[in-house]
Amino acid sequence: MSLYRRGDTWWISFTTASGQRIRCSARTEDKTAAQQYHDKLKHDAWKIEQLGEKRRDYTWDEAALKWLQESSYKKPKSYQNDVMNIRWLQQFFKGKLLTELTKDVIFEVIEKKRKEASPSTANRYLALIRAMLRRAVNEWEWIDKAPFLKQYSEPKRRIRWLEPEQVHVLLKELPTHLVDMVQFSLATGLRRANVVGLQWSQVDMQRGIAWIYADQAKAGRDIRVTLNALALEVLQRRKGLHPQFVFTYKGKPVRQVNNHAWQKALKRAGIENFRWHDLRHTWASWLAQDGTPLHVLQEMGSWQSTEMVQRYAHISPASFGKYAAIVDNRLQGTNLAQDAH
């Protein structure tokens with residue numbers, strides 16, 4: 001059958017003279033319009049086979065599939081990142097022709113990511129799209145040209161953190177499920193994705209530990225999480241609410257935290273320029289200020305490089321006092337110490 005319905009939408013299916021199977025959505029509920037699109041695709045297929053013309057109807061879906069097939073040799077973490085990023089983009093680009101992905105269309109979507117994350121995160125999505133479209137031009141020869149996609153300017157890395165008093169005000173403005181997620185984030189320093197996706201199978205409350213699997217971790221290695229009293233208290237409140245996921249809302253796993261409830265709570269609490277990821281900065285800043293050695297902080301936060309942890313060194317100068325005093329102790333009673341007086 002050349003035309004068939006899935007729900008309210010018409011779909012097209014036919015086989016060309018050379019035996020190629022064509023199956024795609026007509027993206028319409030109108031059967032007449034679907035039939036016209038079907039006839040166009042069939043005519044275009046005939047021209048390609050009989051006259052040697054190039055296809056002009058390659059879709060984002062086809063490009064995404066081919067990209068992932070050709071990228072399967074990548075490191076597992078890089079490949080998994082591509083899978084996750086394409087999955088997010090799919091909700092906007094599904095069924096679109098590559099020729100429809102103009103600069104304006106792409107930036108309308110990427111701007112959504114920039115608003116919910118950061119310019120650097122948005123740039124990673126732009127880089128992926130740009131690489132896919134360039135390959136579609138230069139290697140696959142599916143399209144004649146790709147739009148020029150200029151990346152967002154990235155400000156220098158900042159550390160934005162809250163004082164405990166500000167946290168108390170914010171918690172009073174949040175709905176219960178976000179209160180639990182914020183407290184757990186501050187107690188563990190885990191990234192948003194790891195808190196959102198945490199399952200009971202990853203928690204051992206008796207031993208006071210949780211773990212993040214390597215394929216869930218940004219650094220690509222397993223993370224052992226020590227659960228303090230606050231983290232255990234949150235888990236105890238969540239226990240029994242869902243058989244699989246720790247953090248849920250109205251019986252369903254939480255998928256989005258940077259939502260209207262979060263933004264309105266920040267506004268009511270008088271907190272500006274604060275992202276969800278800054279909860280992790282707050283956790284790290286508090287530990288650094290109370291004298292946690294940076295190598296310990298690096299291990300607890302599962303940072304790959306010391307450079308990432310050095311961002312917190314400047315906010316904990318007082319904690320270095322006891323180490324600086326080691327020299328004083330070594331020199332006590334010596335001529336060098338007396339000469340200083």
# chains A, B, ... in the order shown; residues from 1 in each chain; ligands from 1
call {"tool": "residues_around", "arguments": {"residues": "range 199-203 of chain A", "least_positions_apart": "3", "cutoff": "12 Å", "atoms": "only C-alpha atoms", "output": "JSON, numbers by chain"}}
result
{"A": [193, 194, 195, 196, 206, 207, 208, 209, 210, 211, 212, 213, 216, 222, 223, 224, 225, 226, 227, 231, 232, 235, 236, 238, 239, 240, 241, 242, 243, 244, 245, 246, 247, 248, 253, 254]}
call {"tool": "select_by_dssp", "arguments": {"residues": "range 84-311 of chain A", "states": "strand (DSSP E)", "output": "MDAnalysis selection string"}}
result
chainID A and resid 203:204 209:212 223:226 248:249 252:253
call {"tool": "closest_residue", "arguments": {"among": "A:Tyr4, A:Tyr125, A:Trp46, A:Tyr58", "to": "Val83 in chain A", "atoms": "only C-alpha atoms"}}
result
A:Tyr125
call {"tool": "atom_distance", "arguments": {"atom1": "CA of Arg135 in chain A", "atom2": "CA of Pro147 in chain A"}}
result
12.5 Å
call {"tool": "residues_around", "arguments": {"residues": "Gly220 in chain A", "least_positions_apart": "2", "cutoff": "12 Å", "atoms": "only C-alpha atoms", "output": "list of chain:residue names"}}
result
A:Lys75, A:Pro76, A:Lys77, A:Ser78, A:Tyr79, A:Gln80, A:Asn81, A:Ile212, A:Tyr213, A:Ala214, A:Asp215, A:Gln216, A:Ala217, A:Lys218, A:Asp222, A:Ile223, A:Ser302, A:Trp303, A:Gln304
call {"tool": "residues_around", "arguments": {"residues": "Gln90 in chain A", "least_positions_apart": "3", "cutoff": "9 Å", "atoms": "only C-alpha atoms", "output": "list in words"}}
result
Trp60, Asp61, Ala64, Asn85, Ile86, Arg87, Phe93, Lys94 and Gly95 of chain A
call {"tool": "residues_around", "arguments": {"residues": "Thr9 in chain A", "least_positions_apart": "4", "cutoff": "9 Å", "atoms": "only C-alpha atoms", "output": "PDB file with N, CA and C atoms, in the first residue's frame"}}
result
ATOM      1  N   TYR A   4      -0.576   5.017   3.853  1.00  0.00           N
ATOM      2  CA  TYR A   4      -1.233   4.434   5.013  1.00  0.00           C
ATOM      3  C   TYR A   4      -1.138   5.428   6.164  1.00  0.00           C
ATOM      4  N   ARG A   5      -1.948   5.207   7.177  1.00  0.00           N
ATOM      5  CA  ARG A   5      -2.003   6.156   8.286  1.00  0.00           C
ATOM      6  C   ARG A   5      -1.395   5.562   9.553  1.00  0.00           C
ATOM      7  N   SER A  25       7.283   9.698   6.502  1.00  0.00           N
ATOM      8  CA  SER A  25       6.046  10.393   6.849  1.00  0.00           C
ATOM      9  C   SER A  25       5.759  11.486   5.831  1.00  0.00           C
ATOM     10  N   ALA A  26       4.488  11.634   5.481  1.00  0.00           N
ATOM     11  CA  ALA A  26       4.086  12.734   4.606  1.00  0.00           C
ATOM     12  C   ALA A  26       3.911  14.017   5.398  1.00  0.00           C
ATOM     13  N   ARG A  27       3.940  13.904   6.713  1.00  0.00           N
ATOM     14  CA  ARG A  27       3.832  15.050   7.636  1.00  0.00           C
ATOM     15  C   ARG A  27       2.553  15.864   7.405  1.00  0.00           C
ATOM     16  N   THR A  28       1.473  15.165   7.146  1.00  0.00           N
ATOM     17  CA  THR A  28       0.190  15.837   6.945  1.00  0.00           C
ATOM     18  C   THR A  28      -0.947  14.888   7.296  1.00  0.00           C
ATOM     19  N   GLU A  29      -2.067  15.470   7.679  1.00  0.00           N
ATOM     20  CA  GLU A  29      -3.281  14.700   7.939  1.00  0.00           C
ATOM     21  C   GLU A  29      -4.205  14.697   6.720  1.00  0.00           C
ATOM     22  N   ASP A  30      -3.835  15.448   5.705  1.00  0.00           N
ATOM     23  CA  ASP A  30      -4.634  15.569   4.476  1.00  0.00           C
ATOM     24  C   ASP A  30      -4.187  14.508   3.477  1.00  0.00           C
ATOM     25  N   LYS A  31      -5.095  13.613   3.105  1.00  0.00           N
ATOM     26  CA  LYS A  31      -4.742  12.525   2.206  1.00  0.00           C
ATOM     27  C   LYS A  31      -4.358  13.042   0.823  1.00  0.00           C
TER      28      LYS A  31
END
call {"tool": "residues_around", "arguments": {"residues": "Leu3 in chain A", "least_positions_apart": "2", "cutoff": "7 Å", "atoms": "only C-alpha atoms", "output": "list in words"}}
result
Met1, Trp10, Trp11, Ile12 and Ser13 of chain A
call {"tool": "write_last_selection", "arguments": {"atoms": "C-alpha atoms", "output": "JSON list (two decimals), in the first residue's frame"}}
result
[["chain", "number", "residue", "atom", "x", "y", "z"],
["A", 1, "MET", "CA", 0.00, 0.00, 0.00],
["A", 10, "TRP", "CA", -0.28, 9.82, 6.48],
["A", 11, "TRP", "CA", 2.81, 7.78, 5.64],
["A", 12, "ILE", "CA", 4.33, 6.87, 2.29],
["A", 13, "SER", "CA", 5.77, 3.51, 1.28]]
call {"tool": "residues_around", "arguments": {"residues": "range 268-272 of chain A", "least_positions_apart": "2", "cutoff": "7 Å", "atoms": "only C-alpha atoms", "output": "compact mmCIF listing (two decimals) with N, CA and C atoms, in the first residue's frame"}}
result
# COMPACT_ATOMS: atom_id res chain seq x y z
N VAL A 169 16.43 30.19 51.83
CA VAL A 169 15.38 31.00 51.22
C VAL A 169 14.86 30.32 49.95
N LEU A 170 15.78 29.83 49.13
CA LEU A 170 15.39 29.18 47.88
C LEU A 170 14.54 27.94 48.13
N GLU A 173 10.87 28.30 48.53
CA GLU A 173 10.11 28.72 47.35
C GLU A 173 9.90 27.58 46.34
N LYS A 264 10.92 30.63 38.62
CA LYS A 264 10.07 31.49 39.46
C LYS A 264 10.53 31.47 40.91
N ALA A 265 11.00 30.30 41.37
CA ALA A 265 11.49 30.20 42.75
C ALA A 265 12.73 31.06 42.93
N LEU A 266 13.63 31.04 41.94
CA LEU A 266 14.82 31.89 42.01
C LEU A 266 14.44 33.36 42.08
N PHE A 274 21.82 32.44 38.31
CA PHE A 274 22.11 31.17 38.97
C PHE A 274 21.48 30.04 38.17
call {"tool": "atom_distance", "arguments": {"atom1": "CA of Asp44 in chain A", "atom2": "CA of Phe148 in chain A"}}
result
28.1 Å
call {"tool": "decode", "arguments": {"residues": "range 142-165 of chain A", "atoms": "N, CA and C atoms", "output": "short mmCIF file (atom, residue, chain, number, x, y, z; two decimals), in the first residue's frame"}}
result
data_model
loop_
_atom_site.label_atom_id
_atom_site.label_comp_id
_atom_site.auth_asym_id
_atom_site.auth_seq_id
_atom_site.Cartn_x
_atom_site.Cartn_y
_atom_site.Cartn_z
N TRP A 142 25.09 14.78 -0.38
CA TRP A 142 23.62 14.81 -0.26
C TRP A 142 23.06 16.20 -0.50
N ILE A 143 23.83 17.22 -0.12
CA ILE A 143 23.41 18.60 -0.32
C ILE A 143 24.58 19.37 -0.93
N ASP A 144 24.26 20.50 -1.54
CA ASP A 144 25.28 21.27 -2.24
C ASP A 144 26.09 22.17 -1.32
N LYS A 145 25.46 22.68 -0.27
CA LYS A 145 26.19 23.55 0.66
C LYS A 145 25.53 23.50 2.03
N ALA A 146 26.31 23.89 3.03
CA ALA A 146 25.81 23.92 4.41
C ALA A 146 25.85 25.35 4.91
N PRO A 147 24.91 25.72 5.77
CA PRO A 147 24.90 27.09 6.30
C PRO A 147 26.11 27.34 7.19
N PHE A 148 26.54 28.59 7.22
CA PHE A 148 27.63 28.98 8.10
C PHE A 148 27.07 29.16 9.51
N LEU A 149 27.61 28.42 10.46
CA LEU A 149 27.11 28.45 11.83
C LEU A 149 28.20 28.99 12.75
N LYS A 150 28.05 30.24 13.13
CA LYS A 150 29.02 30.87 14.03
C LYS A 150 28.69 30.53 15.47
N GLN A 151 29.69 30.09 16.21
CA GLN A 151 29.46 29.69 17.59
C GLN A 151 29.26 30.90 18.50
N TYR A 152 28.61 30.65 19.63
CA TYR A 152 28.42 31.68 20.64
C TYR A 152 29.77 32.01 21.29
N SER A 153 29.94 33.24 21.66
CA SER A 153 31.13 33.60 22.43
C SER A 153 30.98 33.02 23.82
N GLU A 154 32.06 32.48 24.34
CA GLU A 154 32.02 31.83 25.64
C GLU A 154 32.77 32.68 26.66
N PRO A 155 32.07 33.16 27.67
CA PRO A 155 32.75 33.93 28.73
C PRO A 155 33.70 33.04 29.51
N LYS A 156 34.66 33.65 30.17
CA LYS A 156 35.57 32.87 31.00
C LYS A 156 34.76 32.13 32.06
N ARG A 157 35.27 30.96 32.39
CA ARG A 157 34.56 30.13 33.38
C ARG A 157 34.36 30.91 34.68
N ARG A 158 33.17 30.83 35.19
CA ARG A 158 32.87 31.55 36.41
C ARG A 158 32.50 30.56 37.50
N ILE A 159 32.60 30.99 38.72
CA ILE A 159 32.10 30.19 39.83
C ILE A 159 30.99 30.98 40.50
N ARG A 160 29.81 30.48 40.40
CA ARG A 160 28.64 31.11 41.03
C ARG A 160 28.15 30.17 42.09
N TRP A 161 28.13 30.61 43.34
CA TRP A 161 27.70 29.75 44.42
C TRP A 161 26.87 30.56 45.41
N LEU A 162 26.14 29.85 46.25
CA LEU A 162 25.24 30.47 47.21
C LEU A 162 25.75 30.30 48.64
N GLU A 163 25.40 31.26 49.47
CA GLU A 163 25.61 31.12 50.91
C GLU A 163 24.50 30.22 51.47
N PRO A 164 24.74 29.54 52.58
CA PRO A 164 23.70 28.68 53.17
C PRO A 164 22.38 29.42 53.41
N GLU A 165 22.47 30.70 53.81
CA GLU A 165 21.24 31.46 54.07
C GLU A 165 20.42 31.62 52.78
#
